[in-house]
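Below: the structure, in structure tokens.
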Amino acid sequence: MSVRLATSVCGISLKNPVLAASGTYGYGVEFKELVDLAALGGIVVKGLSREAMEGNAAPRIYETEAGMINSIGLQNIGVRAFVRDKLPQLAGVTVFANIFGYAVEDYVEVARVLEDAEGLAGYELNVSCPNTRHGGIYFSSDPALLGEVTRAVRAVAKRPLIVKLSPNVARIEPLARAAAEAGADAISLVNTFIALAIEPRTRRPRIGAGFGGLSGPAIKPIALRMVYEAAQAVKIPVIGMGGIASGTDAAEFLMAGASAVEVGTANFWDPAAPLRIAGELGRFLEQEKIGNLSEIIGTFKLN
């Protein structure tokens, strides 16, 4: 991989700025026979909760015209099983643990367990969950709740803390600022858009849970806009995602203000997509005679 792709985010050195997004790369170990995991910029493992969760009823994924809708229901083996059974197999890989919960104490407990584990680079908080202690209000849509959960995890987490923001809000800037003010080292965005697919003959949803999250190429223009807005609002690093499928896609997110990117939906048809995209990004920089990644970050000007 080209040295011009080497970078760092929150003090974490990355071989390249392209990471595999949470929920699209399992726990990483499932891809060991397909991809050189150590060559990736990093892996964000699927969301981890205090206890194992079975997830939603099938079907869980539906392919749309320009992407996919999923409603996995955050199925996972639980944080302790991850630390015991999966993390030891990822030696030499830059690993970020995605954390979620339905109350602040859930997030704190997962972070506390992970703090005692070796082999993690940092954490990514998935705040796109309803807070059951506050009547189901989503952490991701309320700056006060977002700040509360971020501060609580920050108090126990010594590793870098990334907060993953949802696009299902009126304005992204207040949420970005709330995360930064509460102690986040970086923010990542966007998570999926709430969506619905209908089977016209049965008049039933195509996803078992009804609504699902839309990802893939269809959301890229909106994701780019929100990454740009978030990057303008905060001084901490931004990690961009949303429909990235090529090196030029990645370059656009970097130009919009992202310091790194995550690849998600593309992994479902090409498990080596993060490596391919990083290679394409390197060739783009070479063709444009750009010597270092930092030379394009935040260079897009709206006016």
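We name chains A, B, ... following the order of the structure tokens; residues begin at 1 in each chain, and ligands are numbered from 1 as shown.
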Could the residues of region 6-59 of chain A that have an atom at most 9 Å from region 254-278 of chain A be listed as a tab-separated table, each with its closest atom pair and the distance in Å to one decimal, counting only C-alpha atoms and ordered by chain and ascending residue number?
```
residue	atom	partner	partner_atom	distance
A:Thr7	CA	A:Ser259	CA	8.4
A:Ser8	CA	A:Ser259	CA	8.3
A:Val9	CA	A:Ser259	CA	7.0
A:Asn16	CA	A:Ala278	CA	6.7
A:Pro17	CA	A:Ala260	CA	4.5
A:Val18	CA	A:Val261	CA	5.2
A:Leu19	CA	A:Glu262	CA	4.6
A:Ala20	CA	A:Val263	CA	5.1
A:Ala21	CA	A:Gly264	CA	4.9
A:Ser22	CA	A:Gly264	CA	7.4
A:Gly23	CA	A:Gly264	CA	7.7
A:Thr24	CA	A:Gly264	CA	5.4
A:Tyr25	CA	A:Asn267	CA	7.2
A:Phe31	CA	A:Pro271	CA	7.5
A:Leu34	CA	A:Pro271	CA	7.2
A:Val35	CA	A:Ala272	CA	6.0
A:Asp36	CA	A:Ala272	CA	8.7
A:Ala39	CA	A:Leu275	CA	7.4
A:Leu40	CA	A:Leu275	CA	6.1
A:Gly41	CA	A:Pro274	CA	8.0
A:Gly42	CA	A:Glu262	CA	8.9
A:Ile43	CA	A:Glu262	CA	8.7
A:Val44	CA	A:Glu262	CA	8.5
```
Contact residues around Ile99 (chain A) with only C-alpha atoms at 9 Å, ignoring same-chain residues under 6 positions, as number ranges by chain: A: 46-49, 79, 107, 110-111, 123-127
Please produce a file of those selected residues containing N, CA and C atoms, as a JSON list (two decimals), in the first residue's frame.
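Below is the file that was written, again_33.json:
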```
[["chain", "number", "residue", "atom", "x", "y", "z"],
["A", 46, "LYS", "N", -18.86, -5.60, 14.64],
["A", 46, "LYS", "CA", -20.29, -5.40, 14.81],
["A", 46, "LYS", "C", -20.61, -5.02, 16.25],
["A", 47, "GLY", "N", -21.74, -4.34, 16.45],
["A", 47, "GLY", "CA", -22.08, -3.78, 17.74],
["A", 47, "GLY", "C", -22.07, -4.78, 18.88],
["A", 48, "LEU", "N", -21.54, -4.38, 20.02],
["A", 48, "LEU", "CA", -21.42, -5.24, 21.19],
["A", 48, "LEU", "C", -22.30, -4.70, 22.32],
["A", 49, "SER", "N", -23.04, -5.60, 22.95],
["A", 49, "SER", "CA", -23.90, -5.25, 24.07],
["A", 49, "SER", "C", -23.47, -5.98, 25.33],
["A", 79, "VAL", "N", -20.41, -8.72, 24.85],
["A", 79, "VAL", "CA", -19.06, -8.18, 24.94],
["A", 79, "VAL", "C", -18.08, -9.17, 25.57],
["A", 107, "TYR", "N", -23.99, 1.14, 28.04],
["A", 107, "TYR", "CA", -22.79, 1.59, 27.34],
["A", 107, "TYR", "C", -21.58, 1.56, 28.27],
["A", 110, "VAL", "N", -20.30, -2.05, 28.94],
["A", 110, "VAL", "CA", -19.58, -2.61, 27.80],
["A", 110, "VAL", "C", -18.19, -2.00, 27.70],
["A", 111, "ALA", "N", -18.11, -0.69, 27.84],
["A", 111, "ALA", "CA", -16.81, -0.02, 27.79],
["A", 111, "ALA", "C", -15.90, -0.49, 28.91],
["A", 123, "TYR", "N", -12.85, 2.89, 20.51],
["A", 123, "TYR", "CA", -14.27, 2.55, 20.57],
["A", 123, "TYR", "C", -15.07, 3.43, 19.64],
["A", 124, "GLU", "N", -16.17, 2.87, 19.12],
["A", 124, "GLU", "CA", -17.14, 3.65, 18.36],
["A", 124, "GLU", "C", -18.50, 3.46, 19.02],
["A", 125, "LEU", "N", -19.10, 4.55, 19.51],
["A", 125, "LEU", "CA", -20.40, 4.48, 20.16],
["A", 125, "LEU", "C", -21.50, 4.53, 19.11],
["A", 126, "ASN", "N", -22.34, 3.49, 19.08],
["A", 126, "ASN", "CA", -23.52, 3.51, 18.23],
["A", 126, "ASN", "C", -24.66, 4.10, 19.05],
["A", 127, "VAL", "N", -24.98, 5.37, 18.79],
["A", 127, "VAL", "CA", -25.99, 6.05, 19.59],
["A", 127, "VAL", "C", -27.37, 6.04, 18.92]]
```
Tell me which protein, DNA and RNA residues are within 9 Å of Leu37 (chain A), counting only C-alpha atoms, leaving out same-chain ones fewer than 5 positions away, and put them as a CSV table (one decimal) with N, CA and C atoms, in the first residue's frame.
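This is the output file selection-v7.csv:
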```csv
chain,number,residue,atom,x,y,z
A,28,GLY,N,-14.6,-9.6,12.2
A,28,GLY,CA,-13.3,-9.6,11.5
A,28,GLY,C,-12.8,-11.0,11.2
A,29,VAL,N,-12.9,-11.9,12.2
A,29,VAL,CA,-12.3,-13.2,12.1
A,29,VAL,C,-13.0,-14.0,10.9
A,31,PHE,N,-13.5,-13.1,8.1
A,31,PHE,CA,-12.9,-12.7,6.8
A,31,PHE,C,-11.4,-13.1,6.7
A,32,LYS,N,-10.9,-13.7,7.7
A,32,LYS,CA,-9.4,-14.0,7.7
A,32,LYS,C,-8.9,-14.8,6.5
A,42,GLY,N,-8.4,-0.5,9.1
A,42,GLY,CA,-8.9,-1.0,10.4
A,42,GLY,C,-10.3,-1.6,10.2
A,43,ILE,N,-10.7,-2.3,11.3
A,43,ILE,CA,-12.0,-2.9,11.3
A,43,ILE,C,-12.8,-2.4,12.5
A,90,LEU,N,-7.4,-11.5,16.5
A,90,LEU,CA,-7.2,-10.4,15.6
A,90,LEU,C,-5.9,-9.6,15.9
A,92,GLY,N,-2.5,-8.0,15.6
A,92,GLY,CA,-1.9,-7.3,14.4
A,92,GLY,C,-2.9,-6.5,13.6
A,93,VAL,N,-4.2,-6.6,13.9
A,93,VAL,CA,-5.2,-5.8,13.2
A,93,VAL,C,-5.6,-4.6,14.0
A,94,THR,N,-5.9,-3.5,13.3
A,94,THR,CA,-6.4,-2.3,14.0
A,94,THR,C,-7.9,-2.5,14.2
```
What parts of region 146-254 of chain A does DSSP call strand (DSSP E or B)? I'd like the answer as number ranges by chain. A: 161-164, 186-189, 193-195, 198-199, 204-205, 212-215, 238-240
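Here CA of Cys129 (chain A) and CA of Asp249 (chain A) stand 28.1 Å from one another.
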